[in-house]
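> Sharing a structure here in structure tokens format.
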Amino acid sequence: MNLLSDIDVYLRRTGVAETTFGRRAVNDPRLVRDLRRGRVPGPALCARVEALLMARRP
């Protein structure tokens, strides 16, 4: 899976808003929207997002 797919699964499962997720993950409320529009995340951003996804996994 790719990062955006993992985020989408998380958002559906938790009901968290896209902007809230972006703020929590990397202090960027536009993160998910920007990823949907083609933003290419660097390795540091990917690591921070993946860490949040893993930490919040039930």
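Following the order of the structure tokens, chains are lettered A, B, ..., residues in each are numbered from 1, and ligands are numbered from 1.
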Need to verify the contact set: A:Cys46, 12 Å, only C-alpha atoms, exclusion of same-chain residues closer than 3 positions in sequence. Can you return it as a ChimeraX atom specification?
/A:2-4,6-7,22,25-26,31,35,39-43,49-53
> Store the residues of this selection in a file with all heavy atoms, as a short mmCIF file (atom, residue, chain, number, x, y, z; two decimals), in the first residue's frame.

```
data_model
loop_
_atom_site.label_atom_id
_atom_site.label_comp_id
_atom_site.auth_asym_id
_atom_site.auth_seq_id
_atom_site.Cartn_x
_atom_site.Cartn_y
_atom_site.Cartn_z
N ASN A 2 0.28 2.33 -0.41
CA ASN A 2 1.04 3.58 -0.34
C ASN A 2 0.55 4.42 0.83
O ASN A 2 -0.43 4.09 1.49
CB ASN A 2 0.98 4.34 -1.67
CG ASN A 2 -0.38 4.88 -1.99
OD1 ASN A 2 -1.18 5.14 -1.10
ND2 ASN A 2 -0.67 5.05 -3.26
N LEU A 3 1.24 5.48 1.09
CA LEU A 3 0.96 6.31 2.25
C LEU A 3 -0.47 6.84 2.24
O LEU A 3 -1.17 6.78 3.26
CB LEU A 3 1.96 7.46 2.31
CG LEU A 3 1.91 8.34 3.55
CD1 LEU A 3 2.27 7.52 4.79
CD2 LEU A 3 2.86 9.51 3.40
N LEU A 4 -0.91 7.36 1.12
CA LEU A 4 -2.26 7.92 1.04
C LEU A 4 -3.33 6.86 1.29
O LEU A 4 -4.32 7.11 1.98
CB LEU A 4 -2.49 8.61 -0.30
CG LEU A 4 -3.79 9.38 -0.45
CD1 LEU A 4 -3.99 10.40 0.67
CD2 LEU A 4 -3.84 10.07 -1.80
N ASP A 6 -2.98 4.19 3.15
CA ASP A 6 -2.94 3.91 4.59
C ASP A 6 -3.67 5.00 5.37
O ASP A 6 -4.39 4.71 6.33
CB ASP A 6 -1.50 3.80 5.08
CG ASP A 6 -0.78 2.58 4.54
OD1 ASP A 6 -1.46 1.65 4.04
OD2 ASP A 6 0.46 2.55 4.61
N ILE A 7 -3.47 6.24 4.98
CA ILE A 7 -4.15 7.35 5.65
C ILE A 7 -5.66 7.23 5.44
O ILE A 7 -6.44 7.42 6.39
CB ILE A 7 -3.63 8.71 5.13
CG1 ILE A 7 -2.18 8.91 5.55
CG2 ILE A 7 -4.51 9.85 5.62
CD1 ILE A 7 -1.50 10.10 4.89
N GLY A 22 -3.80 15.66 9.56
CA GLY A 22 -2.61 16.37 9.11
C GLY A 22 -1.98 17.19 10.21
O GLY A 22 -0.76 17.23 10.36
N ALA A 25 -0.34 14.71 12.70
CA ALA A 25 0.81 13.98 12.15
C ALA A 25 2.01 14.88 11.93
O ALA A 25 3.13 14.54 12.35
CB ALA A 25 0.42 13.30 10.84
N VAL A 26 1.80 16.00 11.25
CA VAL A 26 2.94 16.84 10.85
C VAL A 26 2.67 18.34 10.99
O VAL A 26 3.38 19.15 10.40
CB VAL A 26 3.39 16.52 9.41
CG1 VAL A 26 3.95 15.11 9.32
CG2 VAL A 26 2.28 16.72 8.42
N LEU A 31 -2.23 18.58 4.63
CA LEU A 31 -1.43 17.43 4.22
C LEU A 31 -2.20 16.47 3.32
O LEU A 31 -1.76 16.16 2.21
CB LEU A 31 -0.90 16.67 5.44
CG LEU A 31 -0.22 15.34 5.13
CD1 LEU A 31 1.09 15.58 4.40
CD2 LEU A 31 -0.02 14.54 6.39
N LEU A 35 -1.61 15.71 -0.63
CA LEU A 35 -1.23 14.38 -1.12
C LEU A 35 -2.17 13.93 -2.23
O LEU A 35 -1.74 13.35 -3.23
CB LEU A 35 -1.23 13.36 0.02
CG LEU A 35 -0.12 13.52 1.06
CD1 LEU A 35 -0.35 12.56 2.22
CD2 LEU A 35 1.25 13.31 0.45
N ARG A 39 1.11 15.93 -4.17
CA ARG A 39 2.29 16.24 -3.37
C ARG A 39 3.09 14.96 -3.13
O ARG A 39 2.54 13.91 -2.80
CB ARG A 39 1.87 16.83 -2.03
CG ARG A 39 3.01 17.11 -1.07
CD ARG A 39 2.48 17.77 0.18
NE ARG A 39 3.49 17.95 1.20
CZ ARG A 39 3.24 18.47 2.40
NH1 ARG A 39 2.02 18.87 2.71
NH2 ARG A 39 4.20 18.60 3.26
N VAL A 40 4.39 15.04 -3.31
CA VAL A 40 5.26 13.89 -3.10
C VAL A 40 5.96 14.08 -1.75
O VAL A 40 6.78 14.99 -1.60
CB VAL A 40 6.31 13.76 -4.23
CG1 VAL A 40 7.24 12.60 -3.96
CG2 VAL A 40 5.61 13.63 -5.57
N PRO A 41 5.63 13.24 -0.78
CA PRO A 41 6.22 13.41 0.55
C PRO A 41 7.65 12.90 0.60
O PRO A 41 8.00 11.91 -0.04
CB PRO A 41 5.31 12.55 1.44
CG PRO A 41 4.78 11.50 0.54
CD PRO A 41 4.65 12.16 -0.82
N GLY A 42 8.45 13.58 1.36
CA GLY A 42 9.83 13.15 1.57
C GLY A 42 9.89 12.05 2.62
O GLY A 42 8.89 11.74 3.27
N PRO A 43 11.07 11.48 2.81
CA PRO A 43 11.20 10.38 3.75
C PRO A 43 10.90 10.77 5.20
O PRO A 43 10.33 9.98 5.95
CB PRO A 43 12.65 9.92 3.60
CG PRO A 43 13.31 10.89 2.71
CD PRO A 43 12.28 11.74 2.07
N VAL A 49 4.32 10.36 9.53
CA VAL A 49 2.95 9.89 9.30
C VAL A 49 2.83 8.41 9.67
O VAL A 49 1.90 8.00 10.37
CB VAL A 49 2.52 10.13 7.84
CG1 VAL A 49 1.20 9.42 7.53
CG2 VAL A 49 2.39 11.62 7.57
N GLU A 50 3.78 7.60 9.23
CA GLU A 50 3.74 6.17 9.53
C GLU A 50 3.84 5.92 11.03
O GLU A 50 3.19 5.01 11.56
CB GLU A 50 4.85 5.45 8.77
CG GLU A 50 4.55 5.39 7.29
CD GLU A 50 5.74 4.94 6.46
OE1 GLU A 50 6.82 4.66 7.01
OE2 GLU A 50 5.57 4.88 5.22
N ALA A 51 4.61 6.73 11.73
CA ALA A 51 4.72 6.58 13.19
C ALA A 51 3.37 6.85 13.85
O ALA A 51 2.96 6.11 14.76
CB ALA A 51 5.77 7.53 13.74
N LEU A 52 2.66 7.86 13.37
CA LEU A 52 1.33 8.15 13.93
C LEU A 52 0.37 7.00 13.62
O LEU A 52 -0.38 6.57 14.50
CB LEU A 52 0.78 9.46 13.36
CG LEU A 52 -0.65 9.79 13.84
CD1 LEU A 52 -0.60 10.42 15.21
CD2 LEU A 52 -1.35 10.68 12.86
N LEU A 53 0.40 6.51 12.41
CA LEU A 53 -0.49 5.41 12.02
C LEU A 53 -0.22 4.17 12.88
O LEU A 53 -1.16 3.50 13.31
CB LEU A 53 -0.34 5.08 10.55
CG LEU A 53 -0.79 6.16 9.56
CD1 LEU A 53 -0.40 5.76 8.14
CD2 LEU A 53 -2.28 6.41 9.66
#
```
> With DSSP run on the backbone, what are the helix (DSSP H, G or I) residues within chain A? I'd like them as a compact mmCIF listing (two decimals) with all heavy atoms, in the first residue's frame.

```txt
# COMPACT_ATOMS: atom_id res chain seq x y z
N LEU A 3 1.24 5.48 1.09
CA LEU A 3 0.96 6.31 2.25
C LEU A 3 -0.47 6.84 2.24
O LEU A 3 -1.17 6.78 3.26
CB LEU A 3 1.96 7.46 2.31
CG LEU A 3 1.91 8.34 3.55
CD1 LEU A 3 2.27 7.52 4.79
CD2 LEU A 3 2.86 9.51 3.40
N LEU A 4 -0.91 7.36 1.12
CA LEU A 4 -2.26 7.92 1.04
C LEU A 4 -3.33 6.86 1.29
O LEU A 4 -4.32 7.11 1.98
CB LEU A 4 -2.49 8.61 -0.30
CG LEU A 4 -3.79 9.38 -0.45
CD1 LEU A 4 -3.99 10.40 0.67
CD2 LEU A 4 -3.84 10.07 -1.80
N SER A 5 -3.13 5.67 0.78
CA SER A 5 -4.07 4.58 1.02
C SER A 5 -4.14 4.24 2.51
O SER A 5 -5.22 4.02 3.06
CB SER A 5 -3.67 3.33 0.24
OG SER A 5 -3.74 3.57 -1.13
N ASP A 6 -2.98 4.19 3.15
CA ASP A 6 -2.94 3.91 4.59
C ASP A 6 -3.67 5.00 5.37
O ASP A 6 -4.39 4.71 6.33
CB ASP A 6 -1.50 3.80 5.08
CG ASP A 6 -0.78 2.58 4.54
OD1 ASP A 6 -1.46 1.65 4.04
OD2 ASP A 6 0.46 2.55 4.61
N ILE A 7 -3.47 6.24 4.98
CA ILE A 7 -4.15 7.35 5.65
C ILE A 7 -5.66 7.23 5.44
O ILE A 7 -6.44 7.42 6.39
CB ILE A 7 -3.63 8.71 5.13
CG1 ILE A 7 -2.18 8.91 5.55
CG2 ILE A 7 -4.51 9.85 5.62
CD1 ILE A 7 -1.50 10.10 4.89
N ASP A 8 -6.09 6.94 4.23
CA ASP A 8 -7.52 6.80 3.95
C ASP A 8 -8.17 5.72 4.82
O ASP A 8 -9.26 5.91 5.35
CB ASP A 8 -7.77 6.49 2.48
CG ASP A 8 -7.65 7.72 1.60
OD1 ASP A 8 -7.85 8.85 2.10
OD2 ASP A 8 -7.37 7.56 0.39
N VAL A 9 -7.49 4.59 4.96
CA VAL A 9 -8.00 3.51 5.81
C VAL A 9 -8.13 4.00 7.24
O VAL A 9 -9.15 3.78 7.90
CB VAL A 9 -7.09 2.27 5.73
CG1 VAL A 9 -7.44 1.25 6.80
CG2 VAL A 9 -7.16 1.64 4.35
N TYR A 10 -7.11 4.68 7.72
CA TYR A 10 -7.13 5.23 9.08
C TYR A 10 -8.28 6.21 9.27
O TYR A 10 -9.00 6.14 10.27
CB TYR A 10 -5.79 5.90 9.38
CG TYR A 10 -5.73 6.57 10.72
CD1 TYR A 10 -5.35 5.86 11.84
CD2 TYR A 10 -6.04 7.92 10.86
CE1 TYR A 10 -5.29 6.47 13.09
CE2 TYR A 10 -5.98 8.54 12.09
CZ TYR A 10 -5.61 7.81 13.21
OH TYR A 10 -5.57 8.42 14.43
N LEU A 11 -8.46 7.10 8.32
CA LEU A 11 -9.52 8.10 8.42
C LEU A 11 -10.90 7.45 8.45
O LEU A 11 -11.76 7.84 9.24
CB LEU A 11 -9.44 9.11 7.27
CG LEU A 11 -8.19 10.00 7.24
CD1 LEU A 11 -8.20 10.87 5.99
CD2 LEU A 11 -8.07 10.83 8.50
N ARG A 12 -11.11 6.46 7.59
CA ARG A 12 -12.40 5.76 7.58
C ARG A 12 -12.63 5.01 8.89
O ARG A 12 -13.73 5.01 9.43
CB ARG A 12 -12.48 4.80 6.40
CG ARG A 12 -12.81 5.45 5.10
CD ARG A 12 -13.19 4.45 4.03
NE ARG A 12 -12.18 3.43 3.79
CZ ARG A 12 -11.14 3.55 2.97
NH1 ARG A 12 -10.97 4.67 2.30
NH2 ARG A 12 -10.28 2.57 2.82
N ARG A 13 -11.60 4.34 9.39
CA ARG A 13 -11.72 3.54 10.59
C ARG A 13 -11.96 4.39 11.84
O ARG A 13 -12.74 4.01 12.71
CB ARG A 13 -10.46 2.70 10.78
CG ARG A 13 -10.59 1.63 11.85
CD ARG A 13 -9.33 0.80 11.99
NE ARG A 13 -8.34 1.60 12.71
CZ ARG A 13 -7.12 1.87 12.29
NH1 ARG A 13 -6.71 1.42 11.14
NH2 ARG A 13 -6.30 2.60 13.01
N THR A 14 -11.32 5.55 11.92
CA THR A 14 -11.39 6.36 13.12
C THR A 14 -12.41 7.49 13.06
O THR A 14 -12.81 8.01 14.09
CB THR A 14 -10.02 6.98 13.44
OG1 THR A 14 -9.65 7.85 12.38
CG2 THR A 14 -8.99 5.91 13.67
N GLU A 18 -9.69 14.89 7.82
CA GLU A 18 -8.40 15.01 7.12
C GLU A 18 -7.52 16.10 7.72
O GLU A 18 -6.32 15.91 7.89
CB GLU A 18 -8.63 15.32 5.64
CG GLU A 18 -9.23 14.21 4.85
CD GLU A 18 -9.44 14.58 3.39
OE1 GLU A 18 -9.14 15.73 2.99
OE2 GLU A 18 -9.90 13.70 2.65
N THR A 19 -8.12 17.23 8.02
CA THR A 19 -7.34 18.35 8.54
C THR A 19 -6.80 18.04 9.94
O THR A 19 -5.68 18.40 10.26
CB THR A 19 -8.18 19.64 8.58
OG1 THR A 19 -9.38 19.40 9.31
CG2 THR A 19 -8.51 20.11 7.18
N THR A 20 -7.60 17.36 10.74
CA THR A 20 -7.15 16.99 12.08
C THR A 20 -5.99 16.00 12.00
O THR A 20 -5.01 16.13 12.73
CB THR A 20 -8.32 16.37 12.88
OG1 THR A 20 -9.37 17.33 12.96
CG2 THR A 20 -7.88 15.97 14.27
N PHE A 21 -6.11 15.04 11.10
CA PHE A 21 -5.03 14.08 10.92
C PHE A 21 -3.73 14.78 10.52
O PHE A 21 -2.68 14.52 11.10
CB PHE A 21 -5.40 13.04 9.85
CG PHE A 21 -4.28 12.07 9.59
CD1 PHE A 21 -4.12 10.97 10.38
CD2 PHE A 21 -3.37 12.30 8.56
CE1 PHE A 21 -3.07 10.09 10.17
CE2 PHE A 21 -2.32 11.43 8.34
CZ PHE A 21 -2.17 10.32 9.14
N GLY A 22 -3.80 15.66 9.56
CA GLY A 22 -2.61 16.37 9.11
C GLY A 22 -1.98 17.19 10.21
O GLY A 22 -0.76 17.23 10.36
N ARG A 23 -2.82 17.83 11.02
CA ARG A 23 -2.32 18.62 12.14
C ARG A 23 -1.62 17.73 13.16
O ARG A 23 -0.55 18.06 13.66
CB ARG A 23 -3.48 19.36 12.82
CG ARG A 23 -3.27 20.84 12.87
CD ARG A 23 -4.39 21.56 13.59
NE ARG A 23 -5.13 22.35 12.63
CZ ARG A 23 -6.36 22.11 12.21
NH1 ARG A 23 -7.03 21.10 12.68
NH2 ARG A 23 -6.94 22.87 11.34
N ARG A 24 -2.25 16.61 13.49
CA ARG A 24 -1.65 15.69 14.47
C ARG A 24 -0.36 15.07 13.96
O ARG A 24 0.59 14.89 14.71
CB ARG A 24 -2.63 14.57 14.81
CG ARG A 24 -3.78 15.00 15.65
CD ARG A 24 -4.70 13.84 15.91
NE ARG A 24 -5.87 14.26 16.65
CZ ARG A 24 -6.95 13.51 16.81
NH1 ARG A 24 -7.02 12.31 16.26
NH2 ARG A 24 -7.98 13.95 17.50
N ALA A 25 -0.34 14.71 12.70
CA ALA A 25 0.81 13.98 12.15
C ALA A 25 2.01 14.88 11.93
O ALA A 25 3.13 14.54 12.35
CB ALA A 25 0.42 13.30 10.84
N VAL A 26 1.80 16.00 11.25
CA VAL A 26 2.94 16.84 10.85
C VAL A 26 2.67 18.34 10.99
O VAL A 26 3.38 19.15 10.40
CB VAL A 26 3.39 16.52 9.41
CG1 VAL A 26 3.95 15.11 9.32
CG2 VAL A 26 2.28 16.72 8.42
N LEU A 31 -2.23 18.58 4.63
CA LEU A 31 -1.43 17.43 4.22
C LEU A 31 -2.20 16.47 3.32
O LEU A 31 -1.76 16.16 2.21
CB LEU A 31 -0.90 16.67 5.44
CG LEU A 31 -0.22 15.34 5.13
CD1 LEU A 31 1.09 15.58 4.40
CD2 LEU A 31 -0.02 14.54 6.39
N VAL A 32 -3.33 15.97 3.77
CA VAL A 32 -4.07 14.95 3.01
C VAL A 32 -4.55 15.53 1.68
O VAL A 32 -4.42 14.89 0.64
CB VAL A 32 -5.24 14.38 3.84
CG1 VAL A 32 -6.03 13.37 3.02
CG2 VAL A 32 -4.72 13.73 5.12
N ARG A 33 -5.08 16.74 1.71
CA ARG A 33 -5.52 17.37 0.47
C ARG A 33 -4.37 17.51 -0.52
O ARG A 33 -4.50 17.20 -1.71
CB ARG A 33 -6.13 18.75 0.76
CG ARG A 33 -6.66 19.41 -0.50
CD ARG A 33 -7.04 20.84 -0.29
NE ARG A 33 -5.80 21.60 -0.06
CZ ARG A 33 -5.74 22.84 0.32
NH1 ARG A 33 -6.84 23.49 0.58
NH2 ARG A 33 -4.59 23.45 0.49
N ASP A 34 -3.22 17.94 -0.02
CA ASP A 34 -2.05 18.10 -0.88
C ASP A 34 -1.58 16.76 -1.45
O ASP A 34 -1.19 16.68 -2.61
CB ASP A 34 -0.92 18.78 -0.14
CG ASP A 34 -1.19 20.25 0.16
OD1 ASP A 34 -2.18 20.80 -0.38
OD2 ASP A 34 -0.43 20.85 0.94
N LEU A 35 -1.61 15.71 -0.63
CA LEU A 35 -1.23 14.38 -1.12
C LEU A 35 -2.17 13.93 -2.23
O LEU A 35 -1.74 13.35 -3.23
CB LEU A 35 -1.23 13.36 0.02
CG LEU A 35 -0.12 13.52 1.06
CD1 LEU A 35 -0.35 12.56 2.22
CD2 LEU A 35 1.25 13.31 0.45
N ARG A 36 -3.46 14.20 -2.06
CA ARG A 36 -4.45 13.83 -3.08
C ARG A 36 -4.19 14.59 -4.39
O ARG A 36 -4.49 14.10 -5.47
CB ARG A 36 -5.87 14.12 -2.61
CG ARG A 36 -6.33 13.24 -1.48
CD ARG A 36 -7.80 13.46 -1.21
NE ARG A 36 -8.20 12.97 0.10
CZ ARG A 36 -8.31 11.70 0.43
NH1 ARG A 36 -8.03 10.78 -0.43
NH2 ARG A 36 -8.69 11.35 1.65
N PRO A 43 11.07 11.48 2.81
CA PRO A 43 11.20 10.38 3.75
C PRO A 43 10.90 10.77 5.20
O PRO A 43 10.33 9.98 5.95
CB PRO A 43 12.65 9.92 3.60
CG PRO A 43 13.31 10.89 2.71
CD PRO A 43 12.28 11.74 2.07
N ALA A 44 11.26 11.98 5.60
CA ALA A 44 11.00 12.41 6.98
C ALA A 44 9.50 12.54 7.22
O ALA A 44 8.99 12.11 8.27
CB ALA A 44 11.70 13.74 7.26
N LEU A 45 8.78 13.12 6.27
CA LEU A 45 7.33 13.26 6.41
C LEU A 45 6.67 11.88 6.44
O LEU A 45 5.81 11.63 7.28
CB LEU A 45 6.76 14.10 5.26
CG LEU A 45 5.28 14.44 5.44
CD1 LEU A 45 5.05 15.90 5.15
CD2 LEU A 45 4.44 13.58 4.56
N CYS A 46 7.09 10.99 5.57
CA CYS A 46 6.54 9.62 5.55
C CYS A 46 6.76 8.94 6.89
O CYS A 46 5.85 8.29 7.42
CB CYS A 46 7.18 8.79 4.45
SG CYS A 46 6.65 9.24 2.79
N ALA A 47 7.94 9.10 7.45
CA ALA A 47 8.25 8.47 8.73
C ALA A 47 7.36 9.00 9.84
O ALA A 47 6.88 8.23 10.68
CB ALA A 47 9.73 8.69 9.07
N ARG A 48 7.11 10.31 9.85
CA ARG A 48 6.26 10.89 10.89
C ARG A 48 4.82 10.41 10.76
O ARG A 48 4.17 10.07 11.75
CB ARG A 48 6.32 12.42 10.83
CG ARG A 48 7.67 12.94 11.29
CD ARG A 48 7.80 14.42 11.12
NE ARG A 48 6.85 15.15 11.95
CZ ARG A 48 6.69 16.48 11.91
NH1 ARG A 48 7.40 17.19 11.07
NH2 ARG A 48 5.81 17.07 12.69
N VAL A 49 4.32 10.36 9.53
CA VAL A 49 2.95 9.89 9.30
C VAL A 49 2.83 8.41 9.67
O VAL A 49 1.90 8.00 10.37
CB VAL A 49 2.52 10.13 7.84
CG1 VAL A 49 1.20 9.42 7.53
CG2 VAL A 49 2.39 11.62 7.57
N GLU A 50 3.78 7.60 9.23
CA GLU A 50 3.74 6.17 9.53
C GLU A 50 3.84 5.92 11.03
O GLU A 50 3.19 5.01 11.56
CB GLU A 50 4.85 5.45 8.77
CG GLU A 50 4.55 5.39 7.29
CD GLU A 50 5.74 4.94 6.46
OE1 GLU A 50 6.82 4.66 7.01
OE2 GLU A 50 5.57 4.88 5.22
N ALA A 51 4.61 6.73 11.73
CA ALA A 51 4.72 6.58 13.19
C ALA A 51 3.37 6.85 13.85
O ALA A 51 2.96 6.11 14.76
CB ALA A 51 5.77 7.53 13.74
N LEU A 52 2.66 7.86 13.37
CA LEU A 52 1.33 8.15 13.93
C LEU A 52 0.37 7.00 13.62
O LEU A 52 -0.38 6.57 14.50
CB LEU A 52 0.78 9.46 13.36
CG LEU A 52 -0.65 9.79 13.84
CD1 LEU A 52 -0.60 10.42 15.21
CD2 LEU A 52 -1.35 10.68 12.86
N LEU A 53 0.40 6.51 12.41
CA LEU A 53 -0.49 5.41 12.02
C LEU A 53 -0.22 4.17 12.88
O LEU A 53 -1.16 3.50 13.31
CB LEU A 53 -0.34 5.08 10.55
CG LEU A 53 -0.79 6.16 9.56
CD1 LEU A 53 -0.40 5.76 8.14
CD2 LEU A 53 -2.28 6.41 9.66
N MET A 54 1.03 3.86 13.12
CA MET A 54 1.39 2.69 13.93
C MET A 54 1.03 2.88 15.39
O MET A 54 0.57 1.95 16.05
CB MET A 54 2.88 2.38 13.79
CG MET A 54 3.28 1.96 12.39
SD MET A 54 2.37 0.54 11.76
CE MET A 54 3.09 -0.74 12.75
N ALA A 55 1.23 4.07 15.91
CA ALA A 55 0.95 4.35 17.32
C ALA A 55 -0.54 4.27 17.62
O ALA A 55 -0.94 3.90 18.72
CB ALA A 55 1.49 5.72 17.71
```
